[in-house]
Amino acid sequence: MHAFYSQYRNQILFGLMAGLLILVAVIQSPSVALTILNLCLISAIMSLGVNIQWGYAGLFNVGVMGFAALGGLAGVLVSMPPVSEAWQAGGFGILLGLLITAGTVVACLMAWSSIKHLTRYRYWIIAGIIVLGYTLLRLFFDPGVDAIEAIDPSVTGYLGGLGLPILVAWPVGALFAAGVAFVIGKIALGLRSDYLAIATLGISEIIIFFIKNEEWLTRGVKNVNGLPRPVPYEIDLQQAQWFQEWALALGLPVDDASAIFVKICYALLFIAVIGVLLWLSETALKSPWGRMMRAIRDNETAAAAMGKDVTWQHLRVFILGSAVIGLAGAMLTTLDGQFTPVGYNPLRFTFLIWVMVIIGGSGNNWGAVLGGFFIWFFWIEAEPIGLWLIETLTAGMDPQSAVRAHLLEGAAHMRLMTVGLILLLTLRYAPEGLIPEKKRL
Amino acid sequence: MSFLLGEHMTGGYGAADILHDCSIGVEKGEIAVIVGPNGAGKSTAMKAVFGMLPLRKGRIVFDGSDVTALKPEERVVKGMGFVPQTHNVFTSMTVEENLEMGAFIRTDSISDSISQVYDLFPILKEKRKQPAGELSGGQRQQVAVGRALMTHPKVLMLDEPTAGVSPIVMDELFDRIIEIARLDVAILMVEQNAKQALEIADKGYVLVQGRNRFTDTGEALLANPEVRKAFLGG
Amino acid sequence: MVDVFNALTVLGNFLIIPGLTYGSQLALGALGVTLVYGVLRFSNFAHGETMAFGAMITILVTWGLQAASISIQPLPTALLAIPVGIVVTVVLTLLIDRFVYRYHRDRKANPVIFLIVSIGVMFFMGGLIRFIIGPGDQIFFDGTRFILKAREFKQMTGLDEGLSLRMTQAVTIITAIIIVAAMFWFLNHTRTGKSMRAYSDNENLALLSGINPDRVVMITWILVAALATIAGTLYGLDKSFKPFVYMQLLLPIFASAIVGGVGNPLGAIAGGYVIAFSELILTFAYKKIILYLGPETLELDSLVQILGTDYKIAVSFIILVIVLIIKPTGLFSGKTI
Ligand SMILES: Nc1ncnc2c1ncn2[C@@H]1O[C@H](COP(=O)(O)OP(=O)(O)OP(=O)(O)O)[C@@H](O)[C@H]1O
Ligand SMILES: [Mg+2]
């Protein structure tokens, strides 16, 4: 029995997962199951990204949320139509502001390297440059921002995007995340693991603050709705002759059929992405580069002594993993059809992804994917399950009882507790996760 | 049977054994010295005797009872004291606090013991309000020894107490150690300065690669030409 | 001259008093984080939830007391309930240590593993709290609202600007001072406190001195739970209690601990005030001050803010990141507890 399990473990576990989804399709509805599946796929990609950093290289990135949000931002900036009035009103100020920012950064970097000998004054000089740059920035930037945000604030009030197909946003989201990861990696990767964790957590919060508050760019808390889709709209399907016939042939109401069809389209797109990513990650893991990464992870000092450039390799892995998270972030915004900055919170977008990786099996790509599926499924289904459980358990109680009402109300929060418990139990009894890392030489 | 005896000790930090059937013992009021090349396993042997290393074979007997299963802190209570080779003072705490911590297991008044240590090492009295981390190497070693003395141990184990101190301070320290031994304390000591250490030793052990190579009285080892040639620089 | 006093009053009312209050809350939180770090050697991501849990128990007991019409007017009833909150939180914390952390401690697990474990604890406690009291806002303040009202101050002094001092602010600041003093007395003058410092300084040598590590760990958790309950309750009294907010508070608390040099209690306290005042100074609208102090004819149409108020919390993150990059050992590095 045990030998059988070890041999076919992956098939059994993924089979089980599929079974759970089918069960949902039967008990709840196929549409619910597909919604869960789509988010499972996106979670799996995020967890793949984290696994690249943690599993391959032991980098502890707790800034997942920030990279996912950057990917989401790419969705807006690529696909939304540009708002030309806004550009006319404040485009100049914004561009000038960006130039000033770039200039300040360059000046700082130049000053930093050219006045090395003035150790005592170095910080003051840099601070001076920053204050000057910041004052200039505010001088030109603020009027531009005000002008933009004044333009039809309930509908636009921001610069809009490029009006390109949203699929373009996926690689762009990856690029955004990679760019920011480069900067973060440059400054923070030398830190000890727990400091790196806190630093990335802080940076991701800063990113979210920026996105929430810079309305000229993102509309902030007003959200950006109606992002274009890469798949057909339900309305169009429902009116198309061929689709009506097709739905009739399947014996489904046209409404349901169209919803399911759209979700399947998304699922196929996501599966394609995840397939490519998995193939790439597995190839990378087996390559000499993957072997070197593991060597670095397992013994940094020894690897450095053997002449490996640890810092550079860490930076590369950090950028790669973040890019994958950014990609997933863009995909998520695409699926939602809207960009909601307030929706990003570390519990859901950072820590939950971490739970996925740990439970799936750090260092194993298939494990990360399974963890993404499993935990997301659970995250969504815990509520109905918990509700059902409490209803059953308290069935004997007086239906008016306050205790029962309280328990039912609290059922929704059971999932936090249970996810915590699952994580703690995994760390204790199966620290390698559901699909442990393969021992390679 | 010796007052403190580590018998047939075999074990190491991981899979590989560092100690191989190594035996070390010391009597009350005696000084036993362990010498040997770097990496011979001297510190490891000390840790093994103090219960800080899992042993695969062998046992530790102290004051007539088998203590092999006891944790280090339990051995302290039994009357063993240990000054490790490195990190042997609480750097962020004052000299006096270091001594207080040395007496942590005691419930009686410790002021007598503190003044005894100050008598032994007068400089510490002067520096008693200073953090131990700010002291010189020799002063730190004195704090380290003083801390271990605070429990009035029946056996005092010292791992290279004279590491990094000047020859004058070294002689001083050796004198103090002899004084302590006169109080009927058993002293087990690892020393890099083999010649001087063996001169004051009642018993000497030469360890090589985790094995007993020579065991004899200090005098005899000093006289042994083979030992002289290989370990005492001629 | 009157203008100067007016300007000072504005500063006092909108910067100094709020800064001291928020700084005290952060300092107490950071002290807990620093103790865990100093003794158990990991960054405790569950500290925010511990604060929330302690505050929650205190709130439940406060409600009970209020229902029984027991009060300590003019002080808030919650102060009376805090001891119970502490006891329950201590019990929960010790249970968690017994069943969760101890296993990994015995295995000498890597600090990162501890960190991940604390994330698990964070989830668990977060769920428990929401399960018991719900995710919503709870207001449990009672007693006298103001010690000094702005209007009274104006009447007293004849100034145009008012200075007000709320009861919760005074309670927060005074409690923080008492707790911090007691804490330092404990660490520096009691045998147990010194053994904690010794253990934090050099674990191995502490063992060799016969210090029982299990006891040190237990005492640490007790102190941490007490500090967390007090900090959480004070914060809840001053603002309001909402479970989610405590998770957001985690980062400013980490920032305080790190700015002060993790593991260093004095630094944690200094760090708390540094963070609090930086947030306020950078987002303070200096318009009024400048108008009072500048020439009569001066007119300003901007608020003269360095950063928009929206960025208040972000300030602490930015400081955190900058300190981590430039001087990860913190501004007051050196000493551990
Ligand atoms: N904590 C440890 N973990 C693993 N191996 C260790 C550890 N400490 C020492 N060793 C190994 O055990 C062997 C013996 O070391 P030990 O410190 O006992 O030598 P020593 O005789 O005290 O040397 P020295 O004179 O330099 O102090 C060495 O090969 C060393 O690399
Ligand atoms: Mg040694």
# chains A, B, ... in the order shown; residues from 1 in each chain; ligands from 1
$ select_by_dssp --residues "segment 117-183 of chain B" --states "alpha helix (DSSP H)" --output "VMD selection string"
chain B and resid 117 to 120 122 to 126 137 to 149 167 to 182
$ residues_near_ligand --ligand "ligand 1" --cutoff "10 Å" --atoms "only C-alpha atoms and all ligand atoms" --output "ChimeraX atom specification"
/B:12-19,34-48,53,85-86,159-160,163,190-192,207-210
$ closest_residue --among "C:Met183, C:Ile173, C:Met196, C:Leu205" --to "Ile17 of chain C" --atoms "only C-alpha atoms"
C:Ile173
$ atom_distance --atom1 "atom CA of Arg122 of chain A" --atom2 "atom CA of Leu99 of chain A"
23.8 Å
$ interface_residues --of "chain C" --to "chain B" --cutoff "6 Å" --atoms "only C-alpha atoms" --output "ChimeraX atom specification"
/C:201,207-210
$ select_by_dssp --residues "segment 85-327 of chain C" --states "strand (DSSP E)" --output "ChimeraX atom specification"
/C:146-148,165-166
$ write_last_selection --atoms "N, CA, C and O atoms" --output "PDB file, in the first residue's frame"
ATOM      1  N   PHE C 146     -12.644  63.246  27.970  1.00  0.00           N
ATOM      2  CA  PHE C 146     -11.559  64.234  27.921  1.00  0.00           C
ATOM      3  C   PHE C 146     -11.050  64.581  29.316  1.00  0.00           C
ATOM      4  O   PHE C 146     -11.838  64.729  30.249  1.00  0.00           O
ATOM      5  N   ILE C 147      -9.765  64.701  29.414  1.00  0.00           N
ATOM      6  CA  ILE C 147      -9.195  65.239  30.641  1.00  0.00           C
ATOM      7  C   ILE C 147      -9.132  66.754  30.509  1.00  0.00           C
ATOM      8  O   ILE C 147      -9.376  67.500  31.440  1.00  0.00           O
ATOM      9  N   LEU C 148      -8.776  67.182  29.310  1.00  0.00           N
ATOM     10  CA  LEU C 148      -8.694  68.608  29.031  1.00  0.00           C
ATOM     11  C   LEU C 148      -9.347  68.832  27.679  1.00  0.00           C
ATOM     12  O   LEU C 148      -8.955  68.221  26.690  1.00  0.00           O
ATOM     13  N   LEU C 165      -6.644  66.908  25.675  1.00  0.00           N
ATOM     14  CA  LEU C 165      -5.994  65.671  26.083  1.00  0.00           C
ATOM     15  C   LEU C 165      -7.102  64.667  26.389  1.00  0.00           C
ATOM     16  O   LEU C 165      -7.902  64.868  27.304  1.00  0.00           O
ATOM     17  N   ARG C 166      -7.130  63.612  25.583  1.00  0.00           N
ATOM     18  CA  ARG C 166      -8.165  62.618  25.817  1.00  0.00           C
ATOM     19  C   ARG C 166      -7.719  61.662  26.916  1.00  0.00           C
ATOM     20  O   ARG C 166      -6.527  61.428  27.114  1.00  0.00           O
TER      21      ARG C 166
END
$ interface_residues --of "chain C" --to "chain A" --cutoff "8 Å" --atoms "only C-alpha atoms" --output "PyMOL selection string"
chain C and resi 42-43+100+103-104+111-112+115+117+119-128+130-132+134+251+254+310-311+314+317-318+320-321+324-325+328
$ closest_atom_pairs --of "segment 325-381 of chain A" --to "segment 10-29 of chain A" --cutoff "10 Å" --atoms "only C-alpha atoms" --output "CSV"
residue,atom,partner,partner_atom,distance
A:Trp366,CA,A:Asn10,CA,8.0
A:Gly367,CA,A:Asn10,CA,8.5
A:Val369,CA,A:Phe14,CA,9.6
A:Leu370,CA,A:Phe14,CA,6.9
A:Phe373,CA,A:Met17,CA,7.4
A:Phe374,CA,A:Met17,CA,6.9
A:Phe377,CA,A:Leu21,CA,8.2
A:Glu381,CA,A:Val24,CA,8.9
$ write_last_selection --atoms "N, CA and C atoms" --output "short mmCIF file (atom, residue, chain, number, x, y, z; two decimals), in the first residue's frame"
data_model
loop_
_atom_site.label_atom_id
_atom_site.label_comp_id
_atom_site.auth_asym_id
_atom_site.auth_seq_id
_atom_site.Cartn_x
_atom_site.Cartn_y
_atom_site.Cartn_z
N TRP A 366 5.81 20.49 -9.10
CA TRP A 366 4.50 19.84 -9.09
C TRP A 366 3.85 20.02 -7.72
N GLY A 367 4.68 19.97 -6.70
CA GLY A 367 4.17 20.19 -5.35
C GLY A 367 3.57 21.58 -5.22
N VAL A 369 2.32 23.44 -7.53
CA VAL A 369 1.06 23.50 -8.27
C VAL A 369 -0.05 22.83 -7.47
N LEU A 370 0.26 21.66 -6.97
CA LEU A 370 -0.76 20.93 -6.19
C LEU A 370 -1.16 21.74 -4.97
N PHE A 373 -3.54 24.43 -5.90
CA PHE A 373 -4.88 23.88 -6.12
C PHE A 373 -5.56 23.57 -4.79
N PHE A 374 -4.83 22.81 -3.99
CA PHE A 374 -5.42 22.26 -2.78
C PHE A 374 -5.86 23.38 -1.83
N PHE A 377 -8.67 25.62 -3.21
CA PHE A 377 -9.93 24.87 -3.13
C PHE A 377 -10.46 24.94 -1.70
N GLU A 381 -13.84 26.50 -0.32
CA GLU A 381 -14.86 25.54 0.11
C GLU A 381 -14.97 25.42 1.62
#
$ atom_distance --atom1 "atom CA of Leu331 of chain C" --atom2 "atom CA of Thr50 of chain C"
26.6 Å
$ residues_around --residues "Val224 of chain A" --least-positions-apart "5" --cutoff "7 Å" --atoms "only C-alpha atoms" --output "JSON, numbers by chain"
{"A": [219, 338, 339, 340]}
$ residues_around --residues "segment 73-89 of chain A" --least-positions-apart "4" --cutoff "6 Å" --atoms "only C-alpha atoms" --output "ChimeraX atom specification"
/A:147-148,159-166,169,173,330
$ residues_around --residues "segment 61-65 of chain C" --least-positions-apart "2" --cutoff "9 Å" --atoms "only C-alpha atoms" --output "CSV table (one decimal) with N, CA and C atoms, in the first residue's frame"
chain,number,residue,atom,x,y,z
C,56,MET,N,-9.0,41.3,22.7
C,56,MET,CA,-10.4,40.8,22.6
C,56,MET,C,-10.9,40.2,23.9
C,57,ILE,N,-10.0,39.5,24.6
C,57,ILE,CA,-10.4,38.9,25.9
C,57,ILE,C,-10.7,40.1,26.9
C,58,THR,N,-9.9,41.1,26.8
C,58,THR,CA,-10.1,42.3,27.7
C,58,THR,C,-11.5,42.9,27.4
C,59,ILE,N,-11.8,43.0,26.1
C,59,ILE,CA,-13.1,43.5,25.7
C,59,ILE,C,-14.2,42.7,26.2
C,67,ALA,N,-21.8,45.1,32.1
C,67,ALA,CA,-23.2,44.5,32.3
C,67,ALA,C,-23.5,44.5,33.8
C,68,ALA,N,-22.4,44.2,34.6
C,68,ALA,CA,-22.6,44.1,36.1
C,68,ALA,C,-22.5,45.5,36.7
C,69,SER,N,-22.4,46.5,35.9
C,69,SER,CA,-22.3,47.9,36.4
C,69,SER,C,-21.1,48.1,37.3
C,70,ILE,N,-20.0,47.4,37.0
C,70,ILE,CA,-18.8,47.7,37.8
C,70,ILE,C,-18.0,48.6,37.0
C,71,SER,N,-17.5,49.7,37.6
C,71,SER,CA,-16.7,50.6,36.8
C,71,SER,C,-15.7,51.3,37.7
C,77,THR,N,-13.2,51.1,32.1
C,77,THR,CA,-13.4,49.9,32.7
C,77,THR,C,-12.4,48.8,32.2
C,78,ALA,N,-12.0,49.0,31.0
C,78,ALA,CA,-11.1,48.0,30.4
C,78,ALA,C,-9.8,47.8,31.2
C,79,LEU,N,-9.4,48.9,31.9
C,79,LEU,CA,-8.2,48.8,32.7
C,79,LEU,C,-8.4,47.7,33.8
C,80,LEU,N,-9.6,47.6,34.2
C,80,LEU,CA,-9.9,46.6,35.3
C,80,LEU,C,-9.9,45.2,34.7
C,81,ALA,N,-10.2,45.1,33.4
C,81,ALA,CA,-10.3,43.8,32.8
C,81,ALA,C,-9.0,43.3,32.2
C,82,ILE,N,-8.0,44.2,32.1
C,82,ILE,CA,-6.7,43.8,31.5
C,82,ILE,C,-6.1,42.6,32.2
C,84,VAL,N,-7.3,40.0,33.5
C,84,VAL,CA,-7.9,38.7,33.0
C,84,VAL,C,-7.4,38.5,31.6
C,85,GLY,N,-7.4,39.6,30.8
C,85,GLY,CA,-7.0,39.4,29.4
C,85,GLY,C,-5.6,38.9,29.4
C,140,PHE,N,-15.2,49.8,23.0
C,140,PHE,CA,-15.4,49.4,24.4
C,140,PHE,C,-14.9,50.5,25.4
$ atom_distance --atom1 "atom CA of Pro131 of chain B" --atom2 "atom CA of Val143 of chain B"
10.7 Å
$ closest_residue --among "B:Phe174, B:Arg182, B:Thr162, B:Pro167" --to "ligand 2" --atoms "only C-alpha atoms and all ligand atoms"
B:Thr162
